[in-house]
Every structure is written in structure tokens, then in C-alpha cells.
Amino acid sequence: MQGTWRLYDTHLYIEAKWPDCHWNSADAKSWESRYINKVLTPILMILNDLGYDIQQQEYIFNDPQNRYIRKGDLRADVLQSGGRIEVNFFQNVNAPRRPDNGGRYESNILELMPYLMRLEMFRTINRITAFLESQFNFSCTTKRYELKNVRPGDLTALQYIEARYKECQHFNGDEDAIKAISPSNREDADKNQLVHGGRVWFYDNKGRLKTGIAYYNINSMWWVITGRYDWTNKAGFQLHTNNPGQPRVKRNLYLRKRRLSQVAFNALSAGNEALSQKLNLLIEKEFGDIGLLITRDQARDYFAICGLSYKQINKGQFDQLRKLVNDKLTDSGRMNGTLKVNRKTRYVSHGVGIVEAYIGCKAYYFSDRDAITFNASGNITFASWADDLNVQPVLEAFIQWCNGIKHETTRRKKLSSHV
């Protein structure tokens with residue numbers, strides 16, 4: 001059996017040479033079955049030997065051959081389709097932008113991954129690729145820069161960017177290409193023109209002012225080298241050609257408020273009302289309001305913490321949730337005040353409770369996207385298209401709705417106990 005393997009960021013792609021037959025023929029299906037037995041199954045055995053907990057996928061990628069694996073806080077999806085196998089690693093120990101779904105949808109996963117976890121990931125990948133090369137005729141097609149080996153003894157940040165230029169069809173870094181960069185793609189945060197190879201200033205994800213040398217990437221994106229082995233990728237509107245000053249001004253207030261809000265919510269969910277109240281008073285003192293800046297996972301867990309299940313939700317309660325979501329979206333004023341629930345809903349019931357349900361939303365540039373989905377698998381998802389800011393009104397409505405049902409259930413139990 002012949003094939004190739006390629007590594008990019010935290011994703012291992014394994015591609016076997018497809019046989020000379022139609023993809024849906026009996027020969028193709030027979031070949032794929034042998035491929036699963038000879039390649040995928042031994043890979044899963046290797047993962048088991050390395051101490052990974054291997055489970056069937058439940059909510060996404062739930063074809064029978066796919067697996068979800070975990071070792072401590074290191075997680076991965078093992079997916080197979082045709083002659084392709086993917087092992088996609090992720091974690092949410094350090095996932096500042098997308099901690100939901102275990103950090104699966106965070107960007108720059110490798111860059112954010114803790115050092116020891118990264119070593120474990122590469123150890124796992126090395127074991128898998130050694131098996132492929134020793135037992136079969138698989139070869140590596142990974143380009144050197146794709147490994148992102150920007151570290152002492154390997155690539156410098158500048159060498160990494162130059163390697164990317166050699167492979168790029170849009171911009172190769174020569175003088176003619178530099179002159180051809182459009183003025184709109186050169187525009188910085190202050191409407192000044194960025195210079196390829198010029199010094200810039202920018203704020204990182206924690207609001208700290210940093211400086212570096214900018215090199216054009218693609219469209220309005222620029223590489224910024226901040227040290228011999230350090231680089232980042234920023235949009236032009238995030239860069240300043242002149243020092244914006246005031247480096248000690250705190251620019252991470254939203255992150256602080258969001259974190260305090262999450263801890264306060266967890267304390268309340270755990271029954272520690274004193275700590276929750278103390279933190280909410282601190283938030284109100286610092287920011288003038290309390291708000292509810294929680295994650296999707298926290299909202300999903302709260303549904304279970306309140307003792308709720310699909311079987312308890314009737315059509316009237318579902319309609320109440322739809323109204324709450326619409327009120328929260330409308331009051332938020334997001335997307336120029338056009339974000340609200342649309343008419344598209346789905347409520348499927350087999351007599352008691354719900355089997356699956358859907359609430360859609362719309363804004364000025366889209367007509368139907370998910371707001372809340374009760375999947376048949378039991379997983380509840382919230383505005384999968386939205387970032388952490390735009391999903392908050394949906395989460396607020398959901399928490400308020402959970403509390404309402406919880407209080408109503410408690411009230412009924414008290415009344416029935418007195419009868």
C-alpha cells in the first residue's frame with residue numbers, strides 16, 4: 001500500500017493511493033475496508049498503547065469509523081473517509097478565543113499549546129508516521145515551513161516567511177511584487193500606509209503593546225517579526241506605523257471582565273452564592289454593570305446542573321425560549337440593530353418532550369443561521385457562526401430560560417408536597 005503523510009500545525013493528514021476504480025464500486029469498498037483494517041485500526045492500537053482514552057464520536061464526525069481520543073488535556077479527532085485519515089489535535093488549557101468545544105476551533109493551536117503537551121503530541125505523531133513508513137510505502141510530503149519549526153537550531157522567523165514566499169502564488173516578496181501591493185491593503189489602523197520591511201506597533205491578545213518588522217502576506221494580512229524566533233500574523237487595521245503611545249494603559253479589560261464573569265457563574269452553579277455575589281460586586285464596581293460573559297460549554301453544562309432534560313421541554317417552554325432569545329438579540333443592538341430571531345423554527349416531539357429543535361436568527365447580511373439547536377444526539381449548540389461577543393445574548397436568554405423552568409419545577413414540587 002502506497003501513500004503520503006503531511007503535518008500542518010496540529011493536523012496529521014494521511015493519504016493512501018486510491019485504487020484504479022470508481023469510488024462507489026464494490027472494489028473500492030473492499031479496498032477501503034482493508035485500508036481501515038490495515039492502517040486505521042493499527043493507528044488506534046498505537047494510540048491505546050500510548051495511553052489515550054479512545055471513544056466513539058457522539059455529536060460531530062459521528063460516522064462509525066471515527067474516534068475522539070484524549071490523554072489528559074490533549075485531545076484529538078481521528079477521522080477516516082476513503083483513503084484519507086486525519087488526526088487533528090487540540091486543547092483548551094490555553095485557548096483564549098475559542099475555549100468552547102474543547103478548543104477544537106481555536107486558531108494557532110500549536111502556538112498556544114503548552115510545551116509538555118506539544119511534546120506529547122509530536123511523540124504521538126512520530127509513532128504513527130514511523131509505523132506508516134516502516135510497514136507501508138508511505139512518504140512525507142510536509143514542506144519544512146509547514147512544521148512551523150521556528151526555533152533555535154532550525155528556522156528563524158525571517159527564514160520561515162521567506163520559505164512561505166517561495167511557495168506562495170500571490171506574493172513572492174520581490175521588488176515588483178512589493179510595488180504591486182494595493183494602497184487599501186497597505187492601510188494601517190491610523191489610515192497611514194504600511195511599508196514592507198518597516199517597523200510597526202500592535203496590541204496582542206492580552207492588550208499589551210508590541211513592536212516588530214512587517215512583511216506583506218496576502219490581502220490585508222501582514223507577517224510581523226517580533227524577535228529572531230517570534231512572529232505573528234496581523235491585519236493591516238491592527239497595525240500602527242507610528243507608536244500609539246500609552247503602553248501602560250490596560251487594554252484587556254474585556255478579558256478580565258469575561259474571566260471574572262465566568263468564575264462567578266461557575267461559583268453560582270456550584271452553589272457558592274457568597275463567592276458569586278462577591279465577584280459580581282467586584283465586576284459592578286470596576287465596570288459599572290454585571291453582565292453575563294460565559295462560554296457555550298458553561299451554558300450547556302448549566303442545562304444539566306438545573307436538572308433539565310429533553311423529556312421535560314414542552315412546546316410552550318420552547319416558544320418561551322424563542323421569545324427570550326429574540327428579546328435579548330433585539331435589545332443587544334448587534335449588527336446595527338438587525339440581529340433577531342427569524343420565523344424558522346423546528347420542534348420535533350414524539351409525545352413527551354423534544355427529540356430535536358431549532359431556533360434560527362437573521363441580520364442584515366444573512367437570513368437564516370442557527371441561534372440555538374437541540375440536536376437529536378443530546379448536544380445543545382449555540383450560534384455556531386458567532387464569536388464570543390455575538391453569542392452572549394443567546395447564552396443570556398438560555399440561562400434565563402433554564403432558571404425559569406428550574407424555579408417553576410421547584411414551585412410545583414412544593415405545591416404537590418403540601419397536597
# chains A, B, ... in the order shown; residues from 1 in each chain; ligands from 1

call {"tool": "residues_around", "arguments": {"residues": "A:Leu12", "least_positions_apart": "2", "cutoff": "6 Å", "atoms": "only C-alpha atoms", "output": "list in words"}}
result
Arg6, Leu7, Glu86 and Val87 of chain A

call {"tool": "residues_around", "arguments": {"residues": "A:Lys328", "least_positions_apart": "2", "cutoff": "8 Å", "atoms": "only C-alpha atoms", "output": "PyMOL selection string"}}
result
chain A and resi 324-326+330-332+393-394+396-397

call {"tool": "residues_around", "arguments": {"residues": "A:Asn108", "least_positions_apart": "5", "cutoff": "9 Å", "atoms": "only C-alpha atoms", "output": "MDAnalysis selection string"}}
result
chainID A and resid 9:10 113

call {"tool": "write_last_selection", "arguments": {"atoms": "C-alpha atoms", "output": "compact mmCIF listing (two decimals), in the first residue's frame"}}
result
# COMPACT_ATOMS: atom_id res chain seq x y z
CA ASP A 9 0.13 22.87 12.63
CA THR A 10 -1.52 20.18 14.82
CA MET A 113 -0.35 24.61 23.11

call {"tool": "atom_distance", "arguments": {"atom1": "atom CA of A:Thr232", "atom2": "atom CA of A:Ala386"}}
result
23.7 Å

call {"tool": "residues_around", "arguments": {"residues": "stretch 350-367 of chain A", "least_positions_apart": "4", "cutoff": "10 Å", "atoms": "only C-alpha atoms", "output": "PyMOL selection string"}}
result
chain A and resi 309-315+318-319+321-322+325-326+329+334-346+371-383

call {"tool": "residues_around", "arguments": {"residues": "A:Tyr216", "least_positions_apart": "6", "cutoff": "8 Å", "atoms": "only C-alpha atoms", "output": "MDAnalysis selection string"}}
result
chainID A and resid 173 178 196 222:223

call {"tool": "write_last_selection", "arguments": {"atoms": "C-alpha atoms", "output": "JSON list (two decimals), in the first residue's frame"}}
result
[["chain", "number", "residue", "atom", "x", "y", "z"],
["A", 173, "GLY", "CA", 8.47, 39.10, -1.79],
["A", 178, "ILE", "CA", 6.14, 44.82, -3.23],
["A", 196, "HIS", "CA", 7.09, 46.18, 3.59],
["A", 222, "TRP", "CA", 0.93, 41.13, 7.31],
["A", 223, "TRP", "CA", 3.58, 38.98, 8.96]]

call {"tool": "atom_distance", "arguments": {"atom1": "atom CA of A:Ser220", "atom2": "atom CA of A:Ala95"}}
result
24.7 Å

call {"tool": "select_by_dssp", "arguments": {"residues": "stretch 96-308 of chain A", "states": "strand (DSSP E or B)", "output": "short mmCIF file (atom, residue, chain, number, x, y, z; two decimals) with N, CA and C atoms, in the first residue's frame"}}
result
data_model
loop_
_atom_site.label_atom_id
_atom_site.label_comp_id
_atom_site.auth_asym_id
_atom_site.auth_seq_id
_atom_site.Cartn_x
_atom_site.Cartn_y
_atom_site.Cartn_z
N ASN A 137 4.54 1.72 2.21
CA ASN A 137 5.34 2.63 1.39
C ASN A 137 4.75 4.04 1.45
N PHE A 138 4.74 4.62 2.66
CA PHE A 138 4.26 5.99 2.84
C PHE A 138 5.45 6.94 2.93
N SER A 139 5.32 8.12 2.34
CA SER A 139 6.39 9.11 2.38
C SER A 139 5.86 10.44 2.87
N CYS A 140 6.75 11.24 3.42
CA CYS A 140 6.38 12.56 3.96
C CYS A 140 6.40 13.61 2.86
N VAL A 150 10.02 27.20 13.94
CA VAL A 150 10.70 28.48 14.18
C VAL A 150 11.27 28.42 15.58
N LEU A 155 14.52 26.96 11.87
CA LEU A 155 14.21 28.17 11.11
C LEU A 155 14.15 29.39 12.02
N GLU A 187 -3.05 49.89 4.21
CA GLU A 187 -3.60 50.85 5.17
C GLU A 187 -3.53 50.31 6.59
N GLN A 193 0.07 54.46 5.38
CA GLN A 193 0.48 53.37 4.51
C GLN A 193 1.59 52.54 5.16
N ARG A 199 9.00 49.16 10.43
CA ARG A 199 8.63 48.89 11.82
C ARG A 199 7.17 49.26 12.06
N VAL A 200 6.50 48.42 12.85
CA VAL A 200 5.10 48.66 13.21
C VAL A 200 4.90 48.37 14.70
N TRP A 201 3.77 48.85 15.21
CA TRP A 201 3.37 48.58 16.59
C TRP A 201 1.97 47.96 16.57
N PHE A 202 1.68 47.11 17.53
CA PHE A 202 0.36 46.47 17.59
C PHE A 202 0.11 46.00 19.02
N TYR A 203 -1.16 45.71 19.31
CA TYR A 203 -1.55 45.18 20.62
C TYR A 203 -1.84 43.68 20.48
N LEU A 209 1.19 46.28 24.30
CA LEU A 209 1.77 46.92 23.13
C LEU A 209 3.06 46.23 22.74
N LYS A 210 3.17 45.83 21.47
CA LYS A 210 4.37 45.18 20.97
C LYS A 210 4.82 45.86 19.69
N THR A 211 6.05 45.59 19.31
CA THR A 211 6.60 46.17 18.08
C THR A 211 7.34 45.10 17.30
N GLY A 212 7.47 45.31 15.99
CA GLY A 212 8.16 44.36 15.14
C GLY A 212 8.31 44.90 13.73
N ILE A 213 8.84 44.05 12.85
CA ILE A 213 9.03 44.41 11.45
C ILE A 213 7.96 43.71 10.62
N ALA A 214 7.27 44.48 9.77
CA ALA A 214 6.14 43.97 9.00
C ALA A 214 6.59 43.51 7.61
N TYR A 215 6.08 42.35 7.21
CA TYR A 215 6.30 41.81 5.87
C TYR A 215 4.95 41.40 5.30
N TYR A 216 4.70 41.77 4.06
CA TYR A 216 3.39 41.53 3.47
C TYR A 216 3.11 40.04 3.35
N ASN A 217 1.85 39.66 3.61
CA ASN A 217 1.43 38.26 3.48
C ASN A 217 0.47 38.11 2.31
N ILE A 218 -0.81 38.40 2.53
CA ILE A 218 -1.82 38.29 1.47
C ILE A 218 -3.00 39.18 1.84
N MET A 221 -3.38 41.16 5.13
CA MET A 221 -2.67 40.49 6.22
C MET A 221 -1.16 40.69 6.10
N TRP A 222 -0.52 40.88 7.27
CA TRP A 222 0.93 41.13 7.31
C TRP A 222 1.58 40.23 8.35
N TRP A 223 2.75 39.64 7.97
CA TRP A 223 3.58 38.98 8.96
C TRP A 223 4.29 40.06 9.78
N VAL A 224 4.42 39.84 11.07
CA VAL A 224 5.17 40.77 11.92
C VAL A 224 6.19 39.96 12.72
N ILE A 225 7.47 40.23 12.48
CA ILE A 225 8.54 39.55 13.21
C ILE A 225 8.85 40.36 14.46
N THR A 226 8.67 39.74 15.63
CA THR A 226 8.88 40.44 16.90
C THR A 226 10.16 40.01 17.60
N GLY A 227 10.85 39.04 17.04
CA GLY A 227 12.11 38.56 17.60
C GLY A 227 12.73 37.58 16.62
N ASP A 230 10.33 34.73 16.82
CA ASP A 230 8.94 35.05 17.15
C ASP A 230 8.30 35.84 16.02
N TRP A 231 7.08 35.46 15.67
CA TRP A 231 6.36 36.14 14.61
C TRP A 231 4.86 36.02 14.87
N THR A 232 4.09 36.84 14.21
CA THR A 232 2.64 36.76 14.28
C THR A 232 2.07 37.22 12.95
N ASN A 233 0.79 37.05 12.77
CA ASN A 233 0.11 37.42 11.53
C ASN A 233 -1.03 38.36 11.89
N LYS A 234 -0.98 39.60 11.39
CA LYS A 234 -1.95 40.62 11.78
C LYS A 234 -2.56 41.29 10.55
N ALA A 235 -3.80 41.73 10.69
CA ALA A 235 -4.44 42.52 9.64
C ALA A 235 -3.89 43.94 9.69
N LEU A 239 -2.43 47.24 12.90
CA LEU A 239 -1.05 47.72 13.00
C LEU A 239 -1.00 49.24 13.01
N HIS A 240 0.09 49.76 13.58
CA HIS A 240 0.33 51.21 13.60
C HIS A 240 1.74 51.46 13.07
#

call {"tool": "residues_around", "arguments": {"residues": "A:Val263", "least_positions_apart": "6", "cutoff": "9 Å", "atoms": "only C-alpha atoms", "output": "JSON, numbers by chain"}}
result
{"A": [276, 279, 294]}

call {"tool": "closest_residue", "arguments": {"among": "A:Lys406, A:His22, A:Arg84, A:Lys257", "to": "A:Leu40", "atoms": "only C-alpha atoms"}}
result
A:Arg84

call {"tool": "atom_distance", "arguments": {"atom1": "atom CA of A:Asn242", "atom2": "atom CA of A:Glu175"}}
result
23.9 Å

call {"tool": "select_by_dssp", "arguments": {"residues": "stretch 12-87 of chain A", "states": "helix (DSSP H, G or I)", "output": "list in words"}}
result
Ala26, Asp27, Ala28, Lys29, Ser30, Trp31, Glu32, Ser33, Arg34, Tyr35, Ile36, Asn37, Lys38, Val39, Leu40, Thr41, Pro42, Ile43, Leu44, Met45, Ile46, Leu47, Asn48 and Asp49 of chain A

call {"tool": "closest_residue", "arguments": {"among": "A:Pro19, A:Arg98, A:Ala76, A:Asn126", "to": "A:Gln57", "atoms": "only C-alpha atoms"}}
result
A:Ala76

call {"tool": "closest_residue", "arguments": {"among": "A:Gln298, A:Asn149, A:Asn185, A:Asn243", "to": "A:Ser269", "atoms": "only C-alpha atoms"}}
result
A:Gln298

call {"tool": "closest_residue", "arguments": {"among": "A:Gly103, A:Gly82, A:Leu132, A:Arg123", "to": "A:Leu47", "atoms": "only C-alpha atoms"}}
result
A:Arg123

call {"tool": "decode", "arguments": {"residues": "stretch 133-145 of chain A", "atoms": "N, CA and C atoms", "output": "short mmCIF file (atom, residue, chain, number, x, y, z; two decimals), in the first residue's frame"}}
result
data_model
loop_
_atom_site.label_atom_id
_atom_site.label_comp_id
_atom_site.auth_asym_id
_atom_site.auth_seq_id
_atom_site.Cartn_x
_atom_site.Cartn_y
_atom_site.Cartn_z
N GLU A 133 5.71 4.45 7.68
CA GLU A 133 6.89 4.33 6.82
C GLU A 133 7.55 2.96 6.92
N SER A 134 7.43 2.31 8.07
CA SER A 134 8.09 1.01 8.24
C SER A 134 7.24 -0.15 7.71
N GLN A 135 5.93 -0.03 7.83
CA GLN A 135 5.05 -1.13 7.43
C GLN A 135 4.51 -0.97 6.01
N PHE A 136 4.46 0.27 5.52
CA PHE A 136 3.92 0.53 4.18
C PHE A 136 4.83 1.51 3.46
N ASN A 137 4.54 1.72 2.21
CA ASN A 137 5.34 2.63 1.39
C ASN A 137 4.75 4.04 1.45
N PHE A 138 4.74 4.62 2.66
CA PHE A 138 4.26 5.99 2.84
C PHE A 138 5.45 6.94 2.93
N SER A 139 5.32 8.12 2.34
CA SER A 139 6.39 9.11 2.38
C SER A 139 5.86 10.44 2.87
N CYS A 140 6.75 11.24 3.42
CA CYS A 140 6.38 12.56 3.96
C CYS A 140 6.40 13.61 2.86
N THR A 141 5.33 14.39 2.76
CA THR A 141 5.27 15.49 1.79
C THR A 141 5.21 16.85 2.49
N THR A 142 5.45 16.86 3.78
CA THR A 142 5.39 18.12 4.54
C THR A 142 6.53 19.04 4.11
N LYS A 143 6.17 20.27 3.77
CA LYS A 143 7.19 21.26 3.48
C LYS A 143 7.77 21.76 4.80
N ARG A 144 9.02 22.12 4.77
CA ARG A 144 9.71 22.45 6.03
C ARG A 144 9.00 23.56 6.80
N TYR A 145 8.52 24.58 6.07
CA TYR A 145 7.89 25.70 6.77
C TYR A 145 6.54 25.31 7.38
#
